[in-house]
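Presented below is the structure to which this report refers.
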Amino acid sequence: MTTIYYDKQADLERLRGRKVAVIGYGSQGHAHSLNLKESGLDVRVGLYPGSKSWAKAEAAGLRVKTVREAAAESDIIMILTPDIGQGKIYREEIAPTMKPGKTLMFAHGFSIRFGQVVPPKDIDVSMIAPKAPGHRVREVYVQGGGTPALLAVYQDASGHAKEDALAYAKGLGCTRAGVIETTFAEETETDLFGEQAVLCGGVSALVKAGFETLVEAGYQPEIAYFECMHELKLIVDLFYQGGLNYMRYSVSDTAEHGDYYAGSKLVTDETRAVMRQLLADIRSGAYAEEWIEENQKGRPWFNAKRAEDANLQIEKVGRELRRMMPWLNPKEVIPGQGGA
């Protein structure tokens, strides 16, 4: 049975008088620090000296210290830097400051699940993982709402790790929407699988393959772009609002028939076997080992794939079409040239 917690089950007073360090000021970091501060908590941001985010955080009215300084003076330390670098930051800057009774928190379980961070046994280790990008966590909080989140406890040295994590979630506004209890392993493994098999890997590959099939058959690239990428947002929005049935209710009968007719031809038993292997590699740690090793080598394969896909025809065509539609608030990100 799924356990979901709301505002009434969370007591923000548990964190009053306790110092909170948010390590990192990226997408999640800025949302966590600002939401917690506006919920009345004592927050400081931990960054490395010379960080470009230092001035941004100070301009937002936050206190900024080095990672070690912020961790040393805080009771609760939330690490919100990229997964792969967390182990190094923890070992070099945070671990020397850890004392019995402190709490170490995460918004994703990767570092704990795959042993990149090994905390001492006399501290609480927990996770609050908002199920939304940081800008959305912030935006919805300001509007008086909240985004759903996941909660997990890895170590409960104090006997109150869950209660404190729920208080943190309330400070973010997440208990307004609901916080689902899970484990570090479940959150990490399902998150990685979803990214690889569906949300990023699966969708990206399907969009590219559909576009290339139409162009190879002689259709205009612009038409192929609209059919295989642009209109995807319309379908995803329907999923988001009412699931598969609402999408099928909203589209034409021909589109619904195409769903039933073609879906199983694309996602075959072979595709499902690949999905099962992806999940097996995630659960065994093989994927994590490969990704960690890739980073240790300087990301040669990753950087090559990023550059390759940046120059795909669908990206070039899409960039030009989006410039014709300013109401989309189009974004351009070209590896090596920054974003706009």
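Residue numbers start at 1 in each chain; chains themselves are named A, B, ... in the order of the structure tokens; ligands are numbered from 1 in the order shown.
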Report task. Would you list the contacts of His30 in chain A as a VMD selection string, taking every protein, DNA or RNA residue within 9 Å and counting only C-alpha atoms, but skipping same-chain residues closer than 6 positions in sequence? Result -> chain A and resid 22 24 45 57 134 to 135 138
Take the selection from the previous step and output its residues with N, CA and C atoms, as a tab-separated table (two decimals), in the first residue's frame.
```tsv
chain	number	residue	atom	x	y	z
A	22	VAL	N	22.12	24.23	1.99
A	22	VAL	CA	21.78	23.70	0.67
A	22	VAL	C	23.05	23.78	-0.17
A	24	GLY	N	24.84	23.67	-3.45
A	24	GLY	CA	24.54	23.82	-4.88
A	24	GLY	C	23.43	24.82	-5.09
A	45	VAL	N	23.56	28.82	1.62
A	45	VAL	CA	23.91	28.07	0.41
A	45	VAL	C	25.40	27.80	0.43
A	57	ALA	N	22.94	33.87	-5.88
A	57	ALA	CA	22.33	33.50	-4.60
A	57	ALA	C	22.29	34.70	-3.66
A	134	GLY	N	13.47	22.16	-10.83
A	134	GLY	CA	13.56	23.17	-9.79
A	134	GLY	C	12.77	24.43	-10.05
A	135	HIS	N	12.77	24.89	-11.30
A	135	HIS	CA	12.04	26.13	-11.58
A	135	HIS	C	10.54	25.95	-11.32
A	138	ARG	N	9.84	25.97	-7.52
A	138	ARG	CA	9.82	27.35	-7.05
A	138	ARG	C	8.55	28.07	-7.50
```
Query raised in the report: If you count only C-alpha atoms, which residues fall within 12 Å of Val215 in chain A, apart from same-chain ones fewer than 3 positions away, as an MDAnalysis selection string?
Result: chainID A and resid 208:212 218:225 227:228 313:314 317
Report task. Write out as a PyMOL selection string all residues of range 23-178 of chain A that backbone DSSP assigns to strand (DSSP E). Result -> chain A and resi 23+42-47+63-66+76-79+103-106+124-130+149-155
Query raised in the report: If we count only C-alpha atoms, what is near range 108-114 of chain A at a cut-off of 7 Å, once residues fewer than 4 positions away on the same chain are taken out, given as a PyMOL selection string?
Result: chain A and resi 83+86-87+118+127+129+184-185+187-188+285+288
How would the residues just chosen look if you wrote them out with N, CA and C atoms as an mmCIF file, in the first residue's frame?
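Final output, out_5.cif:
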```
data_model
loop_
_atom_site.group_PDB
_atom_site.id
_atom_site.type_symbol
_atom_site.label_atom_id
_atom_site.label_comp_id
_atom_site.auth_asym_id
_atom_site.auth_seq_id
_atom_site.Cartn_x
_atom_site.Cartn_y
_atom_site.Cartn_z
ATOM 1 N N ASP A 83 25.038 14.396 -9.710
ATOM 2 C CA ASP A 83 25.280 13.083 -9.111
ATOM 3 C C ASP A 83 26.752 12.675 -9.075
ATOM 4 N N GLN A 86 29.166 14.282 -6.530
ATOM 5 C CA GLN A 86 28.786 14.340 -5.116
ATOM 6 C C GLN A 86 29.769 13.596 -4.212
ATOM 7 N N GLY A 87 30.285 12.476 -4.674
ATOM 8 C CA GLY A 87 31.205 11.697 -3.854
ATOM 9 C C GLY A 87 32.441 12.490 -3.488
ATOM 10 N N VAL A 118 29.478 7.421 1.440
ATOM 11 C CA VAL A 118 29.329 6.442 2.528
ATOM 12 C C VAL A 118 29.291 7.232 3.836
ATOM 13 N N MET A 127 15.994 11.462 2.125
ATOM 14 C CA MET A 127 15.817 12.033 0.786
ATOM 15 C C MET A 127 14.441 12.662 0.659
ATOM 16 N N ALA A 129 12.731 14.160 -2.732
ATOM 17 C CA ALA A 129 12.950 14.314 -4.172
ATOM 18 C C ALA A 129 11.698 14.874 -4.837
ATOM 19 N N PHE A 184 15.645 4.541 -1.052
ATOM 20 C CA PHE A 184 16.697 5.075 -1.919
ATOM 21 C C PHE A 184 16.857 4.198 -3.158
ATOM 22 N N ALA A 185 16.807 2.889 -2.977
ATOM 23 C CA ALA A 185 16.985 1.979 -4.108
ATOM 24 C C ALA A 185 15.851 2.120 -5.121
ATOM 25 N N GLU A 187 13.727 4.643 -5.617
ATOM 26 C CA GLU A 187 13.751 5.948 -6.288
ATOM 27 C C GLU A 187 14.830 5.995 -7.354
ATOM 28 N N THR A 188 16.022 5.529 -7.003
ATOM 29 C CA THR A 188 17.154 5.601 -7.942
ATOM 30 C C THR A 188 16.933 4.713 -9.150
ATOM 31 N N GLY A 285 24.147 -2.325 -10.760
ATOM 32 C CA GLY A 285 25.193 -1.317 -10.620
ATOM 33 C C GLY A 285 26.071 -1.199 -11.848
ATOM 34 N N ALA A 288 25.759 2.262 -13.458
ATOM 35 C CA ALA A 288 26.413 3.289 -12.646
ATOM 36 C C ALA A 288 27.927 3.211 -12.787
#
```
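Straight-line separation from CA of Ile23 in chain A to CA of Tyr141 in chain A: 20.2 Å.
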Query raised in the report: CA of Val198 in chain A and CA of Lys305 in chain A, how far apart in Å?
Result: 18.6 Å
**Report entry** Within 12 Å of range 255-264 of chain A using only C-alpha atoms, minus same-chain residues under 4 positions, as a PyMOL selection string
**Finding:** chain A and resi 206+235+244-251+268-272
Compile the contact shell of Phe106 in chain A as a CSV table (one decimal) with C-alpha atoms, in the first residue's frame: residues with an atom at most 8 Å away, counting only C-alpha atoms, same-chain residues fewer than 6 positions apart removed.
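And here is the file that came out, around_9.csv:
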```csv
chain,number,residue,atom,x,y,z
A,78,MET,CA,21.1,18.9,1.5
A,79,ILE,CA,23.4,18.0,-1.4
A,80,LEU,CA,22.0,19.2,-4.7
A,126,SER,CA,17.2,10.9,4.1
A,127,MET,CA,15.8,12.0,0.8
A,128,ILE,CA,13.2,14.5,-0.4
A,129,ALA,CA,12.9,14.3,-4.2
```
**Report entry** Nearest to Ile123 in chain A, chosen from A:Glu139, A:Asp237, A:Glu189, A:Asp75, with only C-alpha atoms counted in the distances
**Finding:**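 Nearest candidate to Ile123 in chain A out of A:Glu139, A:Asp237, A:Glu189, A:Asp75: A:Asp75.
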Report task. Could you give me, as a PyMOL selection string, the residues within 7 Å of Thr175 in chain A, counting only C-alpha atoms and dropping anything in the same chain fewer than 2 positions from it? Result -> chain A and resi 5-7+169-170+173+177-179
Query - In range 51-229 of chain A, DSSP alpha helix (DSSP H) residues written as a count of residues only - result: 76
